[in-house]
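Visitor: Could you have a look at this structure, given as structure tokens, before my questions?
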Amino acid sequence: MIDRAINSRGFDNFDFRFIGLIFAILGVGVLSIYSVTHDQGVAFPFYAKQLVWIALGTVAFLVMWLSDYHRIARLAYPAYAIILILLIVVLFEGRSSRGAQRWIPMGPFAFQPSEFAKLVLILTLAHYYSEAPRVGWIQRVVLPGLLVLPGLLLILKQPDLGSGLSFMAVYAAMLLMVGMRSKAIGVILLFSLMLFPFAWELMWGSLHDYQRQRIMTFVDPVYDPGGKGYHALQSKIAIGAGELMGKGLYGGTQSQLKFLPEGHTDFVFSVFAEEWGFLGVLVLLILFVALIWLSLEIVARAKDQLGALLAVGIICMLCFCIVINIGMTVGMFPIVGIPLPLMSYGGSATIMTMASLGLLLNIKRRRLSFF
Amino acid sequence: MATAGLHDSELGELQRRLVILRIGLLLVVALLGLRLWHLQIREGPYYRDLSENNRTRSVIVEPARGLIYDRNGILLANNVPSFTLYVSLEDVKDRDLLIEQLSNLLGLDPALIRTKLTARGSKQLPRKVKGRLTLREATLIESHRLDLPGVMVQVESQRNYPGGVTASHLLGYVGEVSSEQLEKPEFADLHQGSIVGQYGVEKFFDRLLRGQAGQKSVEVDAVGHEKQTVVVDQPHAGDNLYLTIDVRLQKAAESLLGEESGAIVALDPRTGDVLAMASRPGFDSNILSRELTPKQWTEIVQDEGRPLNNRASQGQYPPGSVFKVMMAAAALETKTVTPSTSIFCNGGYQFGRRLYHDWKAGGHGSMDLKHALVHSCDVYFYTVGQRMGIETMASFAHQFGLGEETGIELPSERIGIVPSEAWKRKAKNEPWLPGETISASIGQGYVNVTPLQMASLIGTIANDGVTFRPRLVQAVLDRATGELQQRVAAPKRTVQLRPGIIPLIKEALAGVVTEGTATRAKSSLVTIAGKTGTAQVAALRTGPEKDIPKKFRDHAWFVAFAPVEAPTIAVAVLGEHMGHGGSASAPLAKELIETYVRLDHPAPSGVTDGAVTRKADTGGRERDDRSGD
């Protein structure tokens with residue numbers, strides 16, 4: 001009955017701005033994808049497919065927005081179990097590309113479970129912390145850590161370094177936001193430092209050669225433009241060559257002439273930066289910051305811990321992907337294969353991101369609680 | 001809702017911590033913004049330059065090599081389109097993989113491809129990996145284009161010799177400039193993969209034929225597809241050469257030699273024009289101009305017939321009795337003998353403890369100079385040589401152009417040997433032996449000449465003592481200006497002989513054909529004068545000719561000119577191990593001269609004029625006139 005009362009307030013100004021920002025960024029993304037793939041010469045080019053993903057994403061957004069997030073959170077454990085099964089399936093039945101096995105083929109499309117795993121993990125952790133008081137570092141740190149571990153290992157096994165890092169980032173962020181005593185933080189830091197060599201060994205060993213090379217040549221990509229540092233250097237050239245005003249739509253020679261690989265996926269930001277210059281980039285950054293800012297408002301006004309935790313998890317995941325993706329295109333981070341939310345081409349990522357944002361708006365809508 | 005875990009205090013604390021997230025987010029975004037400002041504003045121009053370099057590739061446009069024609073405008077060397085495989089190193093992502101792919105597709109040795117790719121040179125310029133791709137190979141590469149980043153197939157002109165084996169030693173062949181050549185200043189403007197002449201006229205006149213490469217800047221995408229041409233620096237085609245040879249005569253000379261080893265040189269004595277220059281065994285210029293595998297090369301180089309040797313200008317043989325032509329002139333000029341001096345030949349010449357035989361057992365009887373030439377009497381010339389001494393012989397041999405380059409425009413001409421005391425001391429560090437003078441006087445012993453030198457020598461006699469430098473190119477068409485430049489034939493030297501000496505020798509040489517050792521050269525078409533020679537290969541000979549293994553048989557010489565009255569052609573024939581000059585070589589010379597006479601030869605106007613003038617000159621030539629030369 002209270003639900004109904006809240007619902008009756010309907011669409012407000014906040015929702016309008018929030019949804020407006022989402023579609024503005026989606027539009028910029030489609031434009032950039034269109035720019036690099038418009039002469040692809042196939043019946044169903046990437047930008048058209050991306051429009052389909054956005055349509056499906058919108059459905060996911062609406063579903064997540066208009067359901068009750070408490071009800072969704074209660075499905076967290078079964079959903080996590082299903083995701084783990086899918087992650088196992090992908091290891092055996094998956095479609096590989098460049099040595100990584102990440103996709104489950106579904107007719108003409110392919111489904112990437114590791115993308116959805118991120119959202120399911122946020123739901124799981126938020127549900128875990130909010131369903132009962134969690135006290136002591138075993139309940140607060142170790143048990144959720146054990147929850148994260150199987151998913152993380154399965155993702156790293158593919159290997160999908162980008163999704164794996166997102167997984168760890170979500171865990172760390174939620175841990176910090178749930179709050180720990182300084183002593184507990186100290187213990188964790190100490191353990192991490194001690195475990196680091198082993199973890200490094202494990203991670204490094206599970207990487208493919210091309211991934212190791214990417215990370216190694218992050219230090220000096222100019223060393224071999226035709227080889228290992230190729231992506232990083234070409235991306236920096238594309239962004240730098242944009243200068244203040246950019247080269248204009250279709251004017252980006254780096255991406256138009258395919259020097260820049262993955263221009264429609266991981267490096268869509270470089271395409272945008274080359275064609276629209278520093279001014280365009282500033283506008284885009286403002287759009288992203290505004291979206292995150294509005295999302296933080298939702299956390300600040302959340303009335304229950306589940307909502308706040310869910311929102312924090314989603315925000316941290318988005319921030320992590322945005323920062324790492326842009327950071328790698330400008331040469332600040334190694335290239336780890338993380339798509340830019342709302343902009344990079346990709347069905348699973350687009351649908352998952354839009355579903356997450358729908359959930360965020362859902363939390364805002366339900367900020368009035370029982371009390 | 002069952003939100004049992006809802007704890008107000010914790011929610012509040014969580015919300016207070018949001019400020020960390022807010023500050024963190026702003027900090028990180030500020031950092032990204034700073035980094036972007038650095039890349040796009042501060043270093044923007046630098047990256048803009050890099051992106052321009054990225055999309056433009058310099059592509060060399062090879063010039064069309066100059067064409068080569070014979071004296072009548074028959075095409076001897078041209079260019080045909082062919083596919084060439086280039087690799088642009090900048091676009092190659094995985095070199096080892098590319099080498100493996102190319103080696104699989106084209107069946108090339110991976111090591112060879114690697115050598116081509118790692119050759120020194122600018123990284124911006126594409127490397128040539130293989131020329132003359134077959135249509136099948138070109139299609140194969142094109143269809144795998146997407147898997148082969150940096151690989152380009154270009155249509156280029158490829159050297160082609162319509163005659164194949166015809167005049168191959170003369171024309172030579174072309175090939176890629178070698179890394180040793182690239183170090184030299186004359187190849188400075190070339191690059192790896194440039195085609196240069198490696199033999200013959202192609203090599204000697206390479207600077208004219210080569211032309212100048214152009215450069216094309218093309219916008220390419222990351223897999224090397226050409227999108228559009230940005231700037232074009234047009235290539236300049238090489239100059240066309242008009243040779244002096246008559247390809248009909250050249251073919252005749254080559255078929256006369258057939259399967260035998262040897263050389264035939266035909267000159268126009270009035271100009272030095274090389275009308276034909278055949279050397280056998282030969283090679284196909286088309287095959288040599290292709291990229292041969294090391295194995296194919298070894299096969300050619302180790303071939304016992306040494307097909308790469310141009311026997312006409314590089315083969316050195318004792319002249320045998322042909323030397324007597326020079327000896328006769330020297331003997332008369334030095335007044336060692338007069339035309340009427342008679343020497344008795346009893347078939348041998350005793351010197352010290354050794355008896356020097358005449359070729360005719362029993363001897364020729366009493367001989368004057370003319371008959372000594374007609375019958376090639378050895379004893380007569382032993383005597384003359386003994387009286388003149390080796391130094392006088394050497395100085396006259398030099399006057400006739402022996403022991404020096406004829407100056408033909410071909411690479412690596414050999415000069416032969418004119419022995420003298422100084423020569424022997426220098427070459428062998430031994431004193432000259434008197435008996436060696438006797439061998440030398442009939443063109444044996446240390447004397448060595450090339451067929452070209454012999455043709456020049458007989459041409460000098462035919463032309464009344466005036467030697468012309470053998471000339472291969474009569475005109476050059478400058479393709480830049482479209483101007484046809486005639487190259488003037490210039491007399492090189494006049495042999496210092498008193499009047500009457502050469503007419504006497506000519507009369508004797510006519511006699512050689514009418515009644516002497518070369519009656520098999522007698523022709524019903526034209527009057528021919530000549531001299532036979534038989535160069536000993538092995539000192540000791542037993543039994544009849546046919547029982548001697550081929551490689552120990554004598555070399556057969558015949559030099560000739562025709563018509564006797566007003567010579568227009570001088571010929572030297574050398575048949576390796578073909579036996580006697582009179583029986584083996586004389587008929588070949590006769591055939592060639594008859595072929596020449598039968599040909600209608602419309603020489604280019606400039607040359608004809610010169611020839612007419614020369615003919616007028618020779619008629620009333622006196623010694624006083626010659627001193628001015």
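Chain identifiers are assigned as A, B, and so on, following the order in which chains appear in the structure tokens; residues are numbered from 1 within each chain, and ligands are numbered from 1 in order of appearance.
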Quick one: residues within 12 Å of Thr383 (chain B), only C-alpha atoms, excluding same-chain residues fewer than 2 positions away - as a ChimeraX atom specification?
Guide: /B:327-328,331,336-337,341-345,348-351,356,358,367,369,372,377-381,385-389,435,437-442
Visitor: Find the residues near Ile22 (chain A): any atom within 9 Å, counting only C-alpha atoms, skip ones fewer than 2 places away on the same chain, and give them as a PyMOL selection string.
Guide: chain A and resi 17-20+24-27+287-288+291+342+354+357
Visitor: Please indicate the distance in Å from CA of Val418 (chain B) to CA of Ala455 (chain B), rounded to one decimal place.
Guide: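 Pair CA of Val418 (chain B) / CA of Ala455 (chain B) returns 16.6 Å.
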Visitor: Counting only C-alpha atoms, what is within 9 Å of Asp206 (chain B), bar same-chain residues fewer than 6 positions away, as JSON, numbers by chain?
Guide: {"B": [196, 197, 198, 238]}
Visitor: Generate a file of the selected residues that holds N, CA and C atoms, formatted as a PDB file, in the first residue's frame.
Guide:
```pdb
ATOM      1  N   VAL B 196      68.856  -3.430 -61.564  1.00  0.00           N
ATOM      2  CA  VAL B 196      69.970  -2.838 -62.304  1.00  0.00           C
ATOM      3  C   VAL B 196      70.530  -3.886 -63.266  1.00  0.00           C
ATOM      4  N   GLY B 197      71.234  -3.395 -64.279  1.00  0.00           N
ATOM      5  CA  GLY B 197      71.891  -4.294 -65.213  1.00  0.00           C
ATOM      6  C   GLY B 197      73.031  -4.991 -64.506  1.00  0.00           C
ATOM      7  N   GLN B 198      73.124  -6.293 -64.720  1.00  0.00           N
ATOM      8  CA  GLN B 198      74.171  -7.042 -64.033  1.00  0.00           C
ATOM      9  C   GLN B 198      75.174  -7.635 -65.007  1.00  0.00           C
ATOM     10  N   GLY B 238      63.896   5.188 -68.429  1.00  0.00           N
ATOM     11  CA  GLY B 238      65.273   5.176 -68.887  1.00  0.00           C
ATOM     12  C   GLY B 238      65.363   5.463 -70.389  1.00  0.00           C
TER      13      GLY B 238
END
```
Visitor: Should the cut-off be 8 Å, what would the residue list for chain A against chain B look like, counting only C-alpha atoms, as JSON, numbers by chain?
Guide: {"A": [70, 129, 130, 131, 132, 133, 177, 178, 179, 225, 226, 227, 236, 237, 238, 239, 240, 241, 242, 243, 244, 253, 254, 256, 257, 258, 259, 260, 277, 278, 282, 285, 289, 293, 296, 299, 300, 303, 304, 305, 306, 308, 319, 323, 326, 327, 330, 370]}
Visitor: Next, the residues of the selection above should be written as an mmCIF file, in the first residue's frame with C-alpha atoms.
Guide:
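This went into again.cif:
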```
data_model
loop_
_atom_site.group_PDB
_atom_site.id
_atom_site.type_symbol
_atom_site.label_atom_id
_atom_site.label_comp_id
_atom_site.auth_asym_id
_atom_site.auth_seq_id
_atom_site.Cartn_x
_atom_site.Cartn_y
_atom_site.Cartn_z
ATOM 1 C CA HIS A 70 13.772 -6.314 -2.507
ATOM 2 C CA TYR A 129 25.119 -7.856 4.103
ATOM 3 C CA SER A 130 21.563 -6.662 4.499
ATOM 4 C CA GLU A 131 19.660 -9.859 5.304
ATOM 5 C CA ALA A 132 21.230 -10.160 8.760
ATOM 6 C CA PRO A 133 23.611 -8.157 10.921
ATOM 7 C CA MET A 177 31.301 0.958 2.166
ATOM 8 C CA VAL A 178 29.911 -1.571 4.643
ATOM 9 C CA GLY A 179 32.540 -0.243 6.933
ATOM 10 C CA PRO A 225 54.804 0.069 -32.884
ATOM 11 C CA GLY A 226 54.133 -3.012 -34.983
ATOM 12 C CA GLY A 227 54.125 -5.402 -32.111
ATOM 13 C CA LYS A 236 47.252 7.480 -27.923
ATOM 14 C CA ILE A 237 47.923 8.688 -31.460
ATOM 15 C CA ALA A 238 44.199 8.728 -32.194
ATOM 16 C CA ILE A 239 43.331 10.685 -29.061
ATOM 17 C CA GLY A 240 46.263 13.092 -29.350
ATOM 18 C CA ALA A 241 45.641 13.756 -33.037
ATOM 19 C CA GLY A 242 42.134 14.952 -32.133
ATOM 20 C CA GLU A 243 43.659 18.086 -30.585
ATOM 21 C CA LEU A 244 41.235 20.755 -29.374
ATOM 22 C CA THR A 253 42.049 8.607 -39.934
ATOM 23 C CA GLN A 254 43.315 6.405 -37.130
ATOM 24 C CA GLN A 256 38.628 5.083 -40.308
ATOM 25 C CA LEU A 257 41.726 3.441 -41.764
ATOM 26 C CA LYS A 258 41.665 0.747 -39.088
ATOM 27 C CA PHE A 259 45.012 1.565 -37.509
ATOM 28 C CA LEU A 260 43.144 1.632 -34.258
ATOM 29 C CA GLY A 277 38.704 16.632 -29.837
ATOM 30 C CA PHE A 278 39.325 17.837 -26.298
ATOM 31 C CA LEU A 282 35.145 17.355 -21.818
ATOM 32 C CA LEU A 285 33.322 13.420 -19.137
ATOM 33 C CA VAL A 289 30.287 12.598 -13.927
ATOM 34 C CA TRP A 293 26.631 12.271 -9.275
ATOM 35 C CA LEU A 296 25.354 9.036 -5.582
ATOM 36 C CA VAL A 299 22.623 6.329 -2.273
ATOM 37 C CA ALA A 300 22.547 9.365 -0.060
ATOM 38 C CA LYS A 303 16.267 4.477 3.123
ATOM 39 C CA ASP A 304 17.496 0.943 3.625
ATOM 40 C CA GLN A 305 20.870 -0.713 3.691
ATOM 41 C CA LEU A 306 20.047 -3.099 0.842
ATOM 42 C CA ALA A 308 22.301 1.756 -0.429
ATOM 43 C CA CYS A 319 33.106 4.084 -12.109
ATOM 44 C CA VAL A 323 38.019 5.040 -15.314
ATOM 45 C CA ILE A 326 39.473 5.725 -20.460
ATOM 46 C CA GLY A 327 42.672 5.270 -18.485
ATOM 47 C CA VAL A 330 45.061 7.369 -22.795
ATOM 48 C CA PHE A 370 8.454 0.937 6.005
#
```
Visitor: Please provide the set of residues having any atom within 6 Å of region 523-540 of chain B, restricted to only C-alpha atoms, with same-chain residues fewer than 5 positions apart removed, written as number ranges by chain.
Guide: B: 318, 320-322, 509-510, 513, 552, 554-564, 580-582
Visitor: Please save N, CA and C atoms of the selected residues as a tab-separated table (two decimals), in the first residue's frame.
Guide:
```tsv
chain	number	residue	atom	x	y	z
B	318	PRO	N	95.64	-18.29	-77.76
B	318	PRO	CA	96.79	-17.96	-78.61
B	318	PRO	C	96.26	-17.68	-80.02
B	320	GLY	N	97.72	-18.04	-82.85
B	320	GLY	CA	98.23	-18.91	-83.90
B	320	GLY	C	98.65	-18.09	-85.10
B	321	SER	N	98.43	-18.65	-86.28
B	321	SER	CA	98.95	-18.02	-87.49
B	321	SER	C	98.29	-16.70	-87.83
B	322	VAL	N	97.15	-16.38	-87.22
B	322	VAL	CA	96.54	-15.07	-87.46
B	322	VAL	C	97.53	-13.98	-87.09
B	509	LEU	N	96.32	-11.67	-98.27
B	509	LEU	CA	95.18	-12.25	-97.54
B	509	LEU	C	94.08	-12.68	-98.52
B	510	ALA	N	93.96	-11.94	-99.65
B	510	ALA	CA	93.02	-12.38	-100.69
B	510	ALA	C	93.49	-13.70	-101.25
B	513	VAL	N	92.57	-16.94	-99.50
B	513	VAL	CA	91.27	-17.52	-99.80
B	513	VAL	C	91.23	-18.11	-101.20
B	552	PHE	N	91.61	-31.57	-75.96
B	552	PHE	CA	93.01	-31.31	-76.30
B	552	PHE	C	93.18	-30.89	-77.75
B	554	ASP	N	92.99	-28.54	-81.17
B	554	ASP	CA	93.37	-27.14	-81.37
B	554	ASP	C	92.15	-26.25	-81.52
B	555	HIS	N	92.37	-24.95	-81.23
B	555	HIS	CA	91.35	-23.94	-81.50
B	555	HIS	C	91.49	-23.49	-82.95
B	556	ALA	N	90.37	-23.36	-83.62
B	556	ALA	CA	90.40	-22.98	-85.04
B	556	ALA	C	90.05	-21.51	-85.21
B	557	TRP	N	90.98	-20.76	-85.81
B	557	TRP	CA	90.78	-19.32	-86.03
B	557	TRP	C	90.55	-19.04	-87.51
B	558	PHE	N	89.74	-18.07	-87.79
B	558	PHE	CA	89.76	-17.48	-89.11
B	558	PHE	C	89.34	-16.02	-88.99
B	559	VAL	N	90.18	-15.13	-89.55
B	559	VAL	CA	89.80	-13.72	-89.59
B	559	VAL	C	89.66	-13.34	-91.05
B	560	ALA	N	88.70	-12.47	-91.35
B	560	ALA	CA	88.45	-12.16	-92.76
B	560	ALA	C	87.84	-10.78	-92.91
B	561	PHE	N	87.93	-10.23	-94.12
B	561	PHE	CA	87.17	-9.02	-94.44
B	561	PHE	C	86.66	-9.15	-95.87
B	562	ALA	N	85.63	-8.38	-96.19
B	562	ALA	CA	85.02	-8.45	-97.51
B	562	ALA	C	84.20	-7.18	-97.73
B	563	PRO	N	83.95	-6.78	-98.94
B	563	PRO	CA	84.65	-7.23	-100.15
B	563	PRO	C	86.10	-6.74	-100.13
B	564	VAL	N	86.97	-7.44	-100.81
B	564	VAL	CA	88.40	-7.12	-100.75
B	564	VAL	C	88.64	-5.69	-101.20
B	580	HIS	N	91.51	-27.32	-87.35
B	580	HIS	CA	92.21	-26.37	-88.22
B	580	HIS	C	91.34	-25.20	-88.59
B	581	GLY	N	91.95	-24.01	-88.61
B	581	GLY	CA	91.23	-22.80	-88.96
B	581	GLY	C	90.66	-22.87	-90.37
B	582	GLY	N	91.49	-23.40	-91.29
B	582	GLY	CA	91.08	-23.41	-92.69
B	582	GLY	C	89.87	-24.29	-92.93
```
Visitor: Got a sec: who's within 12 Å of Ala570 (chain B), counting only C-alpha atoms, leaving out chain neighbours fewer than 3 positions off, as a count of residues only?
Guide: 49
Visitor: Please extract the residues of region 295-371 of chain B with a backbone DSSP assignment of strand (DSSP E) and present them as a PyMOL selection string.
Guide: chain B and resi 343-345+348-351+354-357+365-367
Visitor: Since we have the selection now, will you write its residues out, keeping N, CA and C atoms, as a PDB file, in the first residue's frame?
Guide:
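part_38.pdb written:
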```pdb
ATOM      1  N   ILE B 343     112.904 -16.715 -98.388  1.00  0.00           N
ATOM      2  CA  ILE B 343     113.444 -17.573 -97.331  1.00  0.00           C
ATOM      3  C   ILE B 343     113.056 -19.008 -97.690  1.00  0.00           C
ATOM      4  N   PHE B 344     114.018 -19.928 -97.529  1.00  0.00           N
ATOM      5  CA  PHE B 344     113.741 -21.308 -97.890  1.00  0.00           C
ATOM      6  C   PHE B 344     113.191 -22.068 -96.692  1.00  0.00           C
ATOM      7  N   CYS B 345     112.098 -22.749 -96.940  1.00  0.00           N
ATOM      8  CA  CYS B 345     111.465 -23.536 -95.878  1.00  0.00           C
ATOM      9  C   CYS B 345     111.619 -25.008 -96.185  1.00  0.00           C
ATOM     10  N   GLY B 348     111.449 -27.123 -91.192  1.00  0.00           N
ATOM     11  CA  GLY B 348     111.846 -26.975 -89.795  1.00  0.00           C
ATOM     12  C   GLY B 348     112.843 -25.837 -89.654  1.00  0.00           C
ATOM     13  N   TYR B 349     112.960 -25.364 -88.434  1.00  0.00           N
ATOM     14  CA  TYR B 349     113.864 -24.261 -88.156  1.00  0.00           C
ATOM     15  C   TYR B 349     114.676 -24.636 -86.944  1.00  0.00           C
ATOM     16  N   GLN B 350     116.003 -24.753 -87.179  1.00  0.00           N
ATOM     17  CA  GLN B 350     116.890 -25.190 -86.102  1.00  0.00           C
ATOM     18  C   GLN B 350     117.303 -23.996 -85.271  1.00  0.00           C
ATOM     19  N   PHE B 351     117.021 -24.057 -83.975  1.00  0.00           N
ATOM     20  CA  PHE B 351     117.506 -22.995 -83.091  1.00  0.00           C
ATOM     21  C   PHE B 351     118.084 -23.658 -81.871  1.00  0.00           C
ATOM     22  N   ARG B 354     117.150 -27.156 -80.493  1.00  0.00           N
ATOM     23  CA  ARG B 354     115.760 -27.550 -80.779  1.00  0.00           C
ATOM     24  C   ARG B 354     115.383 -27.250 -82.212  1.00  0.00           C
ATOM     25  N   LEU B 355     114.604 -28.150 -82.802  1.00  0.00           N
ATOM     26  CA  LEU B 355     114.106 -27.954 -84.160  1.00  0.00           C
ATOM     27  C   LEU B 355     112.640 -27.523 -84.081  1.00  0.00           C
ATOM     28  N   TYR B 356     112.362 -26.319 -84.627  1.00  0.00           N
ATOM     29  CA  TYR B 356     110.976 -25.832 -84.642  1.00  0.00           C
ATOM     30  C   TYR B 356     110.339 -26.240 -85.948  1.00  0.00           C
ATOM     31  N   HIS B 357     109.253 -27.025 -85.869  1.00  0.00           N
ATOM     32  CA  HIS B 357     108.635 -27.586 -87.065  1.00  0.00           C
ATOM     33  C   HIS B 357     107.762 -26.590 -87.779  1.00  0.00           C
ATOM     34  N   GLY B 365     109.300 -24.942 -99.409  1.00  0.00           N
ATOM     35  CA  GLY B 365     110.269 -24.506-100.408  1.00  0.00           C
ATOM     36  C   GLY B 365     110.565 -23.020-100.258  1.00  0.00           C
ATOM     37  N   SER B 366     110.943 -22.375-101.359  1.00  0.00           N
ATOM     38  CA  SER B 366     111.337 -20.971-101.299  1.00  0.00           C
ATOM     39  C   SER B 366     110.092 -20.091-101.236  1.00  0.00           C
ATOM     40  N   MET B 367     110.072 -19.184-100.236  1.00  0.00           N
ATOM     41  CA  MET B 367     108.887 -18.373 -99.962  1.00  0.00           C
ATOM     42  C   MET B 367     109.247 -16.901 -99.897  1.00  0.00           C
TER      43      MET B 367
END
```
Visitor: Please determine, counting only C-alpha atoms, which residue among B:Ile505, B:Ala361, B:Leu373, B:Leu241 has the shortest atom-to-atom distance to Ala475 (chain B).
Guide: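 Going through B:Ile505, B:Ala361, B:Leu373, B:Leu241 one by one, the smallest distance to Ala475 (chain B) is for B:Leu241.
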